[in-house]
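Below is structure-v8.cif, holding mmCIF, C-alpha atoms and all ligand atoms.
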data_upload
#
loop_
_atom_site.group_PDB
_atom_site.id
_atom_site.type_symbol
_atom_site.label_atom_id
_atom_site.label_comp_id
_atom_site.auth_asym_id
_atom_site.auth_seq_id
_atom_site.Cartn_x
_atom_site.Cartn_y
_atom_site.Cartn_z
ATOM 1 C CA MET A 752 129.982 86.884 116.726
ATOM 2 C CA LYS A 753 130.362 88.786 119.962
ATOM 3 C CA SER A 754 127.048 89.907 121.406
ATOM 4 C CA ALA A 755 126.423 93.603 120.997
ATOM 5 C CA LEU A 756 124.739 93.535 124.410
ATOM 6 C CA ILE A 757 127.944 93.081 126.458
ATOM 7 C CA ALA A 758 129.444 96.484 125.601
ATOM 8 C CA PRO A 759 130.381 98.375 128.828
ATOM 9 C CA HIS A 760 127.768 101.116 128.289
ATOM 10 C CA LEU A 761 125.064 98.439 128.319
ATOM 11 C CA CYS A 762 126.245 96.816 131.567
ATOM 12 C CA ASN A 763 127.576 99.630 133.724
ATOM 13 C CA GLU A 764 125.637 102.768 134.658
ATOM 14 C CA GLU A 765 128.728 104.962 134.875
ATOM 15 C CA ALA A 766 129.964 103.855 131.438
ATOM 16 C CA ALA A 767 126.457 104.452 130.077
ATOM 17 C CA MET A 768 126.494 108.037 131.359
ATOM 18 C CA GLU A 769 129.928 108.646 129.842
ATOM 19 C CA TYR A 770 128.723 107.198 126.549
ATOM 20 C CA VAL A 771 125.795 109.600 126.333
ATOM 21 C CA GLU A 772 128.029 112.485 127.485
ATOM 22 C CA SER A 773 130.341 111.816 124.549
ATOM 23 C CA TRP A 774 127.331 112.238 122.219
ATOM 24 C CA LEU A 775 125.732 115.257 123.783
ATOM 25 C CA TRP A 776 128.744 117.054 125.209
ATOM 26 C CA PRO A 777 131.532 116.610 122.659
ATOM 27 C CA ASP A 778 133.224 119.756 124.050
ATOM 28 C CA GLY A 779 132.688 119.037 127.753
ATOM 29 C CA PRO A 780 129.742 119.467 130.138
ATOM 30 C CA VAL A 781 127.114 122.163 129.631
ATOM 31 C CA CYS A 782 124.837 123.303 132.460
ATOM 32 C CA PRO A 783 121.289 122.896 131.130
ATOM 33 C CA HIS A 784 119.978 125.440 133.643
ATOM 34 C CA CYS A 785 122.132 128.460 132.781
ATOM 35 C CA GLY A 786 124.189 127.429 129.746
ATOM 36 C CA ASN A 787 127.495 127.599 131.645
ATOM 37 C CA THR A 788 130.239 125.702 129.782
ATOM 38 C CA ASP A 789 133.213 126.944 131.823
ATOM 39 C CA GLU A 790 135.050 123.820 133.036
ATOM 40 C CA ASN A 791 136.410 125.748 136.041
ATOM 41 C CA LYS A 792 132.883 126.503 137.197
ATOM 42 C CA ILE A 793 131.563 122.955 136.897
ATOM 43 C CA THR A 794 132.357 120.223 139.448
ATOM 44 C CA HIS A 795 131.942 116.535 138.667
ATOM 45 C CA LEU A 796 130.436 115.063 141.854
ATOM 46 C CA GLU A 797 132.117 111.689 142.115
ATOM 47 C CA GLY A 798 132.068 108.943 144.733
ATOM 48 C CA GLU A 799 129.597 106.643 146.431
ATOM 49 C CA ALA A 800 127.343 109.411 147.706
ATOM 50 C CA HIS A 801 126.384 110.612 144.250
ATOM 51 C CA ARG A 802 124.615 108.987 141.348
ATOM 52 C CA PRO A 803 126.778 108.553 138.264
ATOM 53 C CA GLY A 804 127.246 111.520 135.940
ATOM 54 C CA LEU A 805 126.129 114.162 138.458
ATOM 55 C CA TYR A 806 127.574 117.667 138.036
ATOM 56 C CA GLN A 807 127.380 120.839 140.093
ATOM 57 C CA CYS A 808 127.192 124.220 138.371
ATOM 58 C CA ASN A 809 129.234 126.834 140.294
ATOM 59 C CA GLU A 810 127.925 129.875 138.455
ATOM 60 C CA PRO A 811 126.872 132.056 141.482
ATOM 61 C CA GLU A 812 123.359 132.707 140.195
ATOM 62 C CA CYS A 813 122.774 129.057 139.269
ATOM 63 C CA ARG A 814 124.416 126.587 141.676
ATOM 64 C CA LEU A 815 122.186 123.775 140.413
ATOM 65 C CA GLN A 816 123.054 120.129 139.884
ATOM 66 C CA PHE A 817 122.562 118.310 136.594
ATOM 67 C CA THR A 818 123.298 115.219 134.537
ATOM 68 C CA VAL A 819 123.590 114.859 130.772
ATOM 69 C CA THR A 820 120.019 113.592 130.474
ATOM 70 C CA VAL A 821 118.381 116.761 131.854
ATOM 71 C CA GLY A 822 116.064 118.143 129.171
ATOM 72 C CA THR A 823 116.187 115.000 127.039
ATOM 73 C CA VAL A 824 113.625 112.236 126.557
ATOM 74 C CA LEU A 825 115.636 110.234 129.131
ATOM 75 C CA GLU A 826 115.205 112.767 131.913
ATOM 76 C CA ARG A 827 113.766 111.687 135.268
ATOM 77 C CA SER A 828 113.449 108.074 134.234
ATOM 78 C CA LYS A 829 113.567 105.391 136.924
ATOM 79 C CA ILE A 830 114.776 102.953 134.290
ATOM 80 C CA PRO A 831 118.598 102.640 134.307
ATOM 81 C CA LEU A 832 120.380 104.303 131.392
ATOM 82 C CA THR A 833 122.015 100.959 130.477
ATOM 83 C CA LYS A 834 118.549 99.575 129.713
ATOM 84 C CA TRP A 835 117.594 102.621 127.661
ATOM 85 C CA LEU A 836 120.749 102.197 125.602
ATOM 86 C CA ALA A 837 120.128 98.461 125.186
ATOM 87 C CA ALA A 838 116.553 99.133 124.010
ATOM 88 C CA LEU A 839 117.896 101.774 121.644
ATOM 89 C CA SER A 840 120.455 99.444 120.089
ATOM 90 C CA LEU A 841 117.902 96.639 119.701
ATOM 91 C CA MET A 842 115.430 98.989 118.027
ATOM 92 C CA THR A 843 117.972 100.523 115.675
ATOM 93 C CA ALA A 844 119.669 97.235 114.739
ATOM 94 C CA SER A 845 116.627 95.268 113.577
ATOM 95 C CA LYS A 846 115.242 96.096 110.171
ATOM 96 C CA LYS A 847 111.646 95.233 110.956
ATOM 97 C CA GLY A 848 111.578 96.479 114.521
ATOM 98 C CA VAL A 849 111.365 94.683 117.832
ATOM 99 C CA SER A 850 108.282 94.199 119.994
ATOM 100 C CA ALA A 851 107.741 95.562 123.484
ATOM 101 C CA HIS A 852 107.390 91.905 124.593
ATOM 102 C CA GLN A 853 110.878 91.133 123.309
ATOM 103 C CA ILE A 854 112.373 94.181 125.049
ATOM 104 C CA HIS A 855 110.514 93.202 128.219
ATOM 105 C CA ARG A 856 111.962 89.676 128.167
ATOM 106 C CA MET A 857 115.475 90.557 127.004
ATOM 107 C CA LEU A 858 116.073 93.482 129.359
ATOM 108 C CA GLY A 859 114.134 92.251 132.373
ATOM 109 C CA VAL A 860 111.931 95.344 132.588
ATOM 110 C CA SER A 861 108.152 95.191 132.955
ATOM 111 C CA TYR A 862 106.102 95.085 129.760
ATOM 112 C CA LYS A 863 104.680 98.483 130.613
ATOM 113 C CA SER A 864 108.154 99.990 131.015
ATOM 114 C CA ALA A 865 109.300 98.413 127.766
ATOM 115 C CA TRP A 866 106.320 99.855 125.891
ATOM 116 C CA PHE A 867 106.896 103.271 127.453
ATOM 117 C CA MET A 868 110.622 103.327 126.662
ATOM 118 C CA MET A 869 109.989 102.368 123.055
ATOM 119 C CA HIS A 870 107.467 105.132 122.583
ATOM 120 C CA ARG A 871 109.825 107.708 124.025
ATOM 121 C CA LEU A 872 112.603 106.518 121.737
ATOM 122 C CA ARG A 873 110.248 106.668 118.766
ATOM 123 C CA GLU A 874 109.382 110.197 119.788
ATOM 124 C CA ALA A 875 113.113 110.932 119.597
ATOM 125 C CA MET A 876 113.243 109.449 116.109
ATOM 126 C CA ARG A 877 110.679 111.936 114.877
ATOM 127 C CA THR A 878 112.484 114.641 113.021
ATOM 128 C CA GLY A 879 111.036 118.030 112.415
ATOM 129 C CA GLY A 880 112.054 121.173 110.564
ATOM 130 C CA LEU A 881 113.855 119.306 107.830
ATOM 131 C CA GLU A 882 115.153 120.430 104.485
ATOM 132 C CA PRO A 883 112.720 119.681 101.650
ATOM 133 C CA LEU A 884 113.162 116.415 99.765
ATOM 134 C CA GLY A 885 114.227 116.377 96.121
ATOM 135 C CA GLY A 886 115.644 119.312 94.175
ATOM 136 C CA ALA A 887 116.791 119.988 90.613
ATOM 137 C CA GLY A 888 117.318 116.758 88.672
ATOM 138 C CA LYS A 889 115.912 114.655 91.505
ATOM 139 C CA ILE A 890 112.875 112.394 91.637
ATOM 140 C CA VAL A 891 110.460 112.102 94.550
ATOM 141 C CA GLU A 892 107.811 109.374 94.598
ATOM 142 C CA ALA A 893 104.572 110.052 96.461
ATOM 143 C CA ASP A 894 101.953 107.471 97.346
ATOM 144 C CA GLU A 895 99.218 106.751 99.855
ATOM 145 C CA THR A 896 98.209 103.607 101.648
ATOM 146 C CA TYR A 897 95.875 102.574 104.439
ATOM 147 C CA PHE A 898 96.787 100.670 107.558
ATOM 148 C CA GLY A 899 94.335 99.414 110.185
ATOM 149 C CA LYS A 900 90.776 100.460 110.893
ATOM 150 C CA ARG A 901 89.913 103.818 112.373
ATOM 151 C CA GLU A 902 88.945 103.623 116.024
ATOM 152 C CA GLU A 903 86.074 106.049 115.649
ATOM 153 C CA ASP A 904 83.829 106.700 112.700
ATOM 154 C CA TYR A 905 85.413 109.390 110.645
ATOM 155 C CA VAL A 906 83.240 112.443 110.100
ATOM 156 C CA SER A 907 84.254 114.225 106.949
ATOM 157 C CA PRO A 908 84.712 117.990 107.257
ATOM 158 C CA TYR A 909 83.248 118.139 103.738
ATOM 159 C CA ARG A 910 79.814 116.714 104.468
ATOM 160 C CA ARG A 911 78.296 118.306 101.427
ATOM 161 C CA LYS A 912 80.337 116.028 99.252
ATOM 162 C CA PRO A 913 78.680 112.673 99.833
ATOM 163 C CA LYS A 914 81.034 110.828 97.494
ATOM 164 C CA SER A 915 83.965 110.830 99.901
ATOM 165 C CA HIS A 916 86.350 107.942 99.533
ATOM 166 C CA ALA A 917 85.017 104.861 101.391
ATOM 167 C CA LYS A 918 88.495 103.489 102.078
ATOM 168 C CA SER A 919 89.598 106.762 103.585
ATOM 169 C CA ARG A 920 86.465 106.906 105.770
ATOM 170 C CA ASN A 921 87.086 103.614 107.530
ATOM 171 C CA ASN A 922 90.838 103.160 107.414
ATOM 172 C CA ARG A 923 93.842 105.076 108.657
ATOM 173 C CA PRO A 924 95.544 106.849 105.773
ATOM 174 C CA ILE A 925 99.296 107.139 105.381
ATOM 175 C CA ILE A 926 100.954 109.445 102.861
ATOM 176 C CA ALA A 927 104.644 109.017 102.152
ATOM 177 C CA LEU A 928 107.240 110.779 100.068
ATOM 178 C CA VAL A 929 110.548 109.208 99.144
ATOM 179 C CA GLU A 930 113.437 110.765 97.306
ATOM 180 C CA ARG A 931 114.917 108.192 94.963
ATOM 181 C CA GLY A 932 118.283 107.188 96.426
ATOM 182 C CA GLY A 933 117.539 109.332 99.484
ATOM 183 C CA SER A 934 115.190 109.684 102.436
ATOM 184 C CA VAL A 935 111.574 108.897 103.132
ATOM 185 C CA ARG A 936 109.085 111.029 105.048
ATOM 186 C CA SER A 937 105.680 109.666 106.003
ATOM 187 C CA PHE A 938 102.538 111.162 107.492
ATOM 188 C CA HIS A 939 99.341 110.020 109.098
ATOM 189 C CA PRO A 940 96.882 112.818 108.295
ATOM 190 C CA GLY A 941 93.263 112.768 109.449
ATOM 191 C CA VAL A 942 92.179 112.339 105.866
ATOM 192 C CA ALA A 943 93.892 111.649 102.550
ATOM 193 C CA ASP A 944 92.259 114.121 100.193
ATOM 194 C CA GLN A 945 93.568 116.334 97.422
ATOM 195 C CA TYR A 946 94.003 119.320 99.694
ATOM 196 C CA THR A 947 95.973 117.439 102.375
ATOM 197 C CA VAL A 948 98.212 115.681 99.881
ATOM 198 C CA THR A 949 98.951 118.954 98.084
ATOM 199 C CA GLU A 950 99.882 120.634 101.388
ATOM 200 C CA ILE A 951 102.191 117.744 102.335
ATOM 201 C CA VAL A 952 103.965 117.907 98.972
ATOM 202 C CA ARG A 953 104.177 121.703 99.057
ATOM 203 C CA GLU A 954 105.753 121.725 102.500
ATOM 204 C CA ASN A 955 108.133 118.809 102.030
ATOM 205 C CA VAL A 956 109.237 118.666 98.407
ATOM 206 C CA ALA A 957 111.502 121.196 96.695
ATOM 207 C CA ARG A 958 109.842 122.995 93.783
ATOM 208 C CA GLU A 959 112.540 121.885 91.279
ATOM 209 C CA THR A 960 111.686 118.198 91.825
ATOM 210 C CA MET A 961 110.129 115.702 89.386
ATOM 211 C CA LEU A 962 107.245 113.975 91.150
ATOM 212 C CA HIS A 963 106.201 110.413 90.287
ATOM 213 C CA THR A 964 102.868 108.990 91.454
ATOM 214 C CA ASP A 965 100.220 106.561 90.329
ATOM 215 C CA GLU A 966 97.144 107.853 88.524
ATOM 216 C CA SER A 967 95.249 108.651 91.752
ATOM 217 C CA LYS A 968 93.007 111.722 91.706
ATOM 218 C CA LEU A 969 94.789 112.955 94.816
ATOM 219 C CA TYR A 970 97.620 114.302 92.669
ATOM 220 C CA PHE A 971 95.563 116.026 89.974
ATOM 221 C CA ASN A 972 96.675 119.545 90.866
ATOM 222 C CA ILE A 973 100.141 118.721 92.088
ATOM 223 C CA LYS A 974 102.057 119.838 88.984
ATOM 224 C CA GLU A 975 101.630 123.488 90.005
ATOM 225 C CA HIS A 976 103.906 122.853 92.955
ATOM 226 C CA VAL A 977 106.745 120.851 91.381
ATOM 227 C CA ALA A 978 108.892 120.966 88.237
ATOM 228 C CA GLY A 979 106.940 118.130 86.645
ATOM 229 C CA HIS A 980 104.543 115.327 87.453
ATOM 230 C CA GLU A 981 104.676 111.876 85.835
ATOM 231 C CA THR A 982 102.257 109.053 86.516
ATOM 232 C CA VAL A 983 102.137 105.310 85.937
ATOM 233 C CA LYS A 984 98.746 103.745 85.236
ATOM 234 C CA HIS A 985 98.424 100.874 87.689
ATOM 235 C CA THR A 986 94.848 100.212 86.614
ATOM 236 C CA ALA A 987 96.159 99.499 83.095
ATOM 237 C CA LYS A 988 98.823 97.215 84.634
ATOM 238 C CA GLU A 989 101.551 99.707 83.842
ATOM 239 C CA TYR A 990 104.122 99.723 86.637
ATOM 240 C CA VAL A 991 107.287 101.073 85.031
ATOM 241 C CA ARG A 992 107.697 103.372 82.026
ATOM 242 C CA GLY A 993 111.364 104.215 81.578
ATOM 243 C CA THR A 994 112.440 105.771 84.878
ATOM 244 C CA ILE A 995 108.849 106.498 85.838
ATOM 245 C CA HIS A 996 107.571 104.289 88.640
ATOM 246 C CA THR A 997 106.556 104.277 92.286
ATOM 247 C CA ASN A 998 108.353 101.057 93.231
ATOM 248 C CA THR A 999 110.580 102.694 95.867
ATOM 249 C CA ILE A 1000 107.672 104.006 97.901
ATOM 250 C CA GLU A 1001 105.709 100.788 97.455
ATOM 251 C CA ASN A 1002 108.664 98.803 98.802
ATOM 252 C CA TYR A 1003 108.797 101.109 101.780
ATOM 253 C CA PHE A 1004 105.092 100.552 102.478
ATOM 254 C CA SER A 1005 105.522 96.784 102.242
ATOM 255 C CA VAL A 1006 108.420 96.784 104.759
ATOM 256 C CA PHE A 1007 106.268 98.941 107.038
ATOM 257 C CA LYS A 1008 103.234 96.657 106.780
ATOM 258 C CA ARG A 1009 105.209 93.439 107.200
ATOM 259 C CA GLY A 1010 106.953 94.928 110.215
ATOM 260 C CA MET A 1011 103.732 96.178 111.770
ATOM 261 C CA ARG A 1012 101.915 92.875 111.249
ATOM 262 C CA GLY A 1013 104.828 90.717 112.376
ATOM 263 C CA VAL A 1014 106.079 92.641 115.375
ATOM 264 C CA TYR A 1015 103.501 95.136 116.543
ATOM 265 C CA GLN A 1016 100.283 93.235 117.023
ATOM 266 C CA HIS A 1017 98.134 96.158 117.923
ATOM 267 C CA CYS A 1018 98.865 99.757 117.260
ATOM 268 C CA GLY A 1019 96.530 102.412 118.612
ATOM 269 C CA GLU A 1020 95.727 105.109 116.078
ATOM 270 C CA LYS A 1021 97.144 107.850 118.243
ATOM 271 C CA HIS A 1022 100.529 106.082 118.134
ATOM 272 C CA LEU A 1023 100.619 105.409 114.388
ATOM 273 C CA HIS A 1024 102.734 108.504 113.634
ATOM 274 C CA ARG A 1025 105.392 107.273 116.066
ATOM 275 C CA TYR A 1026 105.618 103.866 114.406
ATOM 276 C CA LEU A 1027 105.929 105.640 111.072
ATOM 277 C CA ALA A 1028 108.752 107.723 112.535
ATOM 278 C CA GLU A 1029 110.523 104.531 113.583
ATOM 279 C CA PHE A 1030 110.303 102.998 110.106
ATOM 280 C CA ASP A 1031 111.284 106.299 108.464
ATOM 281 C CA PHE A 1032 114.271 106.482 110.777
ATOM 282 C CA ARG A 1033 115.483 102.998 109.919
ATOM 283 C CA TYR A 1034 114.950 103.597 106.205
ATOM 284 C CA ASN A 1035 116.787 106.931 106.291
ATOM 285 C CA ASN A 1036 119.694 105.363 108.151
ATOM 286 C CA ARG A 1037 119.853 102.173 106.131
ATOM 287 C CA ALA A 1038 122.960 100.158 105.236
ATOM 288 C CA ALA A 1039 122.633 101.127 101.547
ATOM 289 C CA LEU A 1040 123.403 104.704 102.548
ATOM 290 C CA GLY A 1041 126.548 103.490 104.341
ATOM 291 C CA VAL A 1042 125.019 103.680 107.808
ATOM 292 C CA ASN A 1043 125.924 100.881 110.240
ATOM 293 C CA ASP A 1044 124.337 100.032 113.584
ATOM 294 C CA ALA A 1045 126.645 102.305 115.568
ATOM 295 C CA ASP A 1046 125.936 105.268 113.258
ATOM 296 C CA ARG A 1047 122.216 104.592 113.551
ATOM 297 C CA ALA A 1048 122.450 104.745 117.330
ATOM 298 C CA ASP A 1049 124.362 108.025 116.949
ATOM 299 C CA ALA A 1050 121.702 109.430 114.643
ATOM 300 C CA LEU A 1051 119.103 108.517 117.234
ATOM 301 C CA ALA A 1052 121.169 110.255 119.879
ATOM 302 C CA LYS A 1053 121.013 113.386 117.750
ATOM 303 C CA GLY A 1054 117.247 113.008 117.788
ATOM 304 C CA ILE A 1055 117.455 112.913 121.559
ATOM 305 C CA VAL A 1056 119.629 116.039 121.540
ATOM 306 C CA GLY A 1057 117.012 117.685 119.351
ATOM 307 C CA LYS A 1058 114.468 117.160 122.093
ATOM 308 C CA ARG A 1059 116.659 118.963 124.596
ATOM 309 C CA LEU A 1060 115.143 122.158 125.932
ATOM 310 C CA THR A 1061 116.811 125.354 124.784
ATOM 311 C CA TYR A 1062 119.334 126.764 127.176
ATOM 312 C CA ARG A 1063 118.758 130.108 128.734
ATOM 313 C CA ARG A 1064 121.742 132.314 128.036
ATOM 314 C CA PRO A 1065 121.433 135.283 130.379
ATOM 315 C CA HIS A 1066 124.768 136.790 129.304
ATOM 316 C CA GLU A 1067 123.693 137.239 125.703
ATOM 317 C CA GLN A 1068 120.516 139.134 126.449
ATOM 318 C CA ASP A 1069 121.134 142.742 127.341
ATOM 319 C CA ILE A 1070 123.084 143.936 124.375
ATOM 320 C CA PRO A 1071 122.280 147.664 123.908
ATOM 321 C CA PHE A 1072 121.391 148.856 120.404
HETATM 322 ZN ZN ZN B 1 124.235 126.551 135.758
#
If you took the structure in this file and wrote it as C-alpha cells, what would it be?
Amino acid sequence: MKSALIAPHLCNEEAAMEYVESWLWPDGPVCPHCGNTDENKITHLEGEAHRPGLYQCNEPECRLQFTVTVGTVLERSKIPLTKWLAALSLMTASKKGVSAHQIHRMLGVSYKSAWFMMHRLREAMRTGGLEPLGGAGKIVEADETYFGKREEDYVSPYRRKPKSHAKSRNNRPIIALVERGGSVRSFHPGVADQYTVTEIVRENVARETMLHTDESKLYFNIKEHVAGHETVKHTAKEYVRGTIHTNTIENYFSVFKRGMRGVYQHCGEKHLHRYLAEFDFRYNNRAALGVNDADRADALAKGIVGKRLTYRRPHEQDIPF
C-alpha cells in the first residue's frame, strides 16, 4: 500500500495551502478582514518574496494581507502547514488515537509542539450548537462512567446531603448519549448527579425519543423529558430485553478507555473534554457510516472552519428601515 504520508499536501507547503484553500474557499478567496470576495479586488502575491498562499485585499478601506488560515486554529503557527495536515491525517485515520510521542517522532517536531498541535486539532473536533440526537421512532442510550482520579478533592455544592456518591467524589465523571445507528455526544461535567444528567438529556435529546439506560438513580426523573424511558437491570444480570439495552454506549466507553490507557498515558483533567471530543469525532465519522479517512479529514476541516472568526460585512449594515 502506498503511504498516505507522501501526498503532495503533506510534503510541499504551497500544495498544503492550496489543499486547505479548496476546503475553506470552495468559491475562491475571501478576505477575513472585510469579507471581500471580489476576485478583481484580491491579488495573489506569488513568487520568492512571499510566503505561500499570501493574498492582498484591494478593497480601499481594507488593503490588508491574508492567508486561508487567518481566523482558524492554524493561524499564526510557526509549525509548517504540511505538518499540521500530517498530524491531522494520523489522528483521524487511527481508531484508537495516536500519542503525542508518535507524532513527535514521525513528523520530526518537538514533543511540546506535537502535544500543542494535537490539542488544537482536538479543539477543532469539538462541535457545538448541534441538532438534538434522536427523534420520533429513534432510540438514544444514555450512560455514565468514570475515568481517572480527580486532581483536587471535589467539594459538593450540596453539602447538606452527606450521602453523595463516593465514586463521583473521587473520580472524573463522563456522561454520554448515543443515538442507535447514529452519533455519540459525551460530556465531562463537574459532577454526575440527577440534575446535571437531566439537563444534558434535555438539551441534547429530542423530546420524541425513546431513552434507554441502566437502572441508575440518575435517570429517575428523565421520563418527563422524553417520549419514554426503558431500563435494563444490570444488578439482576439483565443486559438485553428485546431491543432494550445500553450495549452501544458501553462499547463506546470501552473504546474510549482502551484508547486512553493504551495511547494517552496521562491526561490532565482540564483536557479530558478535548479527548472526549476526539473519540466522539472518530465515532461520529466511522467507517460504518460510510466515512473514509479522506472524508474524516474533510469533516475535521469543517470543524476548523467553524472556529473561524465571523467576518465583518460593512456593506450589509446600514440598511434603513
Ligand atoms: Zn479586505
Wanna dump the chain A-ligand ZN 1 (chain B) contacts at 8 Å for me, each residue with its shortest atom pair and the distance in Å to one decimal, counting only C-alpha atoms and all ligand atoms, ordered by chain and number, as CSV?
residue,atom,partner,partner_atom,distance
A:Cys782,CA,B:ZN1,ZN,4.7
A:Pro783,CA,B:ZN1,ZN,6.6
A:His784,CA,B:ZN1,ZN,4.9
A:Cys785,CA,B:ZN1,ZN,4.1
A:Gly786,CA,B:ZN1,ZN,6.1
A:Asn787,CA,B:ZN1,ZN,5.4
A:Gln807,CA,B:ZN1,ZN,7.8
A:Cys808,CA,B:ZN1,ZN,4.6
A:Asn809,CA,B:ZN1,ZN,6.8
A:Glu810,CA,B:ZN1,ZN,5.7
A:Glu812,CA,B:ZN1,ZN,7.6
A:Cys813,CA,B:ZN1,ZN,4.6
A:Arg814,CA,B:ZN1,ZN,5.9
A:Leu815,CA,B:ZN1,ZN,5.8
A:Gln816,CA,B:ZN1,ZN,7.7
Write out as a count of residues only which residues come within 8 Å of Arg877 in chain A when counting all atoms listed in the file, dropping same-chain ones fewer than 5 positions away. 5
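Distance check against Tyr806 in chain A using only C-alpha atoms: of A:Pro924, A:Pro780, A:Gly899, A:Gly1010, the minimum falls on A:Pro780.
Excluding range 851-868 of chain A itself and any same-chain residue fewer than 6 positions from it, the protein and nucleic acid residues within 8 Å of it, counting only C-alpha atoms, are Ile830, Lys834, Trp835, Ala837 and Ala838 of chain A.
Closest approach to Phe1030 in chain A among A:Gly804, A:Pro831, A:Gly798, A:Gly848 is made by A:Gly848 (distances from only C-alpha atoms).
Residue nearest Ser1005 in chain A within the list A:Thr964, A:Thr896, A:Ser840, A:Thr986: A:Thr896 [criterion: smallest interatomic distance, all atoms listed in the file].
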For Ser934 in chain A, the closest of A:Leu962, A:Val948, A:Leu1040, A:Val983 counting only C-alpha atoms is A:Leu1040
Add whatever atoms are absent from range 1015-1033 of chain A to reach N, CA and C atoms, and provide the output as a compact mmCIF listing (two decimals), in the frame of the given file.
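File selection.txt, as written:
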# COMPACT_ATOMS: atom_id res chain seq x y z
N TYR A 1015 104.40 94.34 115.71
CA TYR A 1015 103.50 95.14 116.54
C TYR A 1015 102.08 94.66 116.31
N GLN A 1016 101.58 93.87 117.23
CA GLN A 1016 100.28 93.24 117.02
C GLN A 1016 99.15 94.25 116.98
N HIS A 1017 99.20 95.18 117.90
CA HIS A 1017 98.13 96.16 117.92
C HIS A 1017 98.75 97.54 118.05
N CYS A 1018 98.31 98.41 117.22
CA CYS A 1018 98.86 99.76 117.26
C CYS A 1018 97.70 100.73 117.34
N GLY A 1019 97.60 101.43 118.46
CA GLY A 1019 96.53 102.41 118.61
C GLY A 1019 96.72 103.54 117.61
N GLU A 1020 95.61 104.09 117.12
CA GLU A 1020 95.73 105.11 116.08
C GLU A 1020 96.54 106.31 116.53
N LYS A 1021 96.42 106.66 117.81
CA LYS A 1021 97.14 107.85 118.24
C LYS A 1021 98.65 107.63 118.27
N HIS A 1022 99.09 106.36 118.14
CA HIS A 1022 100.53 106.08 118.13
C HIS A 1022 101.07 105.82 116.74
N LEU A 1023 100.18 105.79 115.74
CA LEU A 1023 100.62 105.41 114.39
C LEU A 1023 101.76 106.29 113.87
N HIS A 1024 101.68 107.60 114.14
CA HIS A 1024 102.73 108.50 113.63
C HIS A 1024 104.10 108.17 114.23
N ARG A 1025 104.10 107.64 115.46
CA ARG A 1025 105.39 107.27 116.07
C ARG A 1025 105.98 106.03 115.41
N TYR A 1026 105.11 105.06 115.10
CA TYR A 1026 105.62 103.87 114.41
C TYR A 1026 106.16 104.26 113.03
N LEU A 1027 105.45 105.16 112.37
CA LEU A 1027 105.93 105.64 111.07
C LEU A 1027 107.30 106.28 111.23
N ALA A 1028 107.46 107.06 112.29
CA ALA A 1028 108.75 107.72 112.54
C ALA A 1028 109.85 106.68 112.70
N GLU A 1029 109.53 105.58 113.37
CA GLU A 1029 110.52 104.53 113.58
C GLU A 1029 110.94 103.90 112.25
N PHE A 1030 109.97 103.61 111.40
CA PHE A 1030 110.30 103.00 110.11
C PHE A 1030 111.01 103.99 109.19
N ASP A 1031 110.59 105.26 109.24
CA ASP A 1031 111.28 106.30 108.46
C ASP A 1031 112.74 106.36 108.90
N PHE A 1032 112.92 106.37 110.22
CA PHE A 1032 114.27 106.48 110.78
C PHE A 1032 115.17 105.36 110.28
N ARG A 1033 114.66 104.14 110.36
CA ARG A 1033 115.48 103.00 109.92
C ARG A 1033 115.77 103.07 108.42
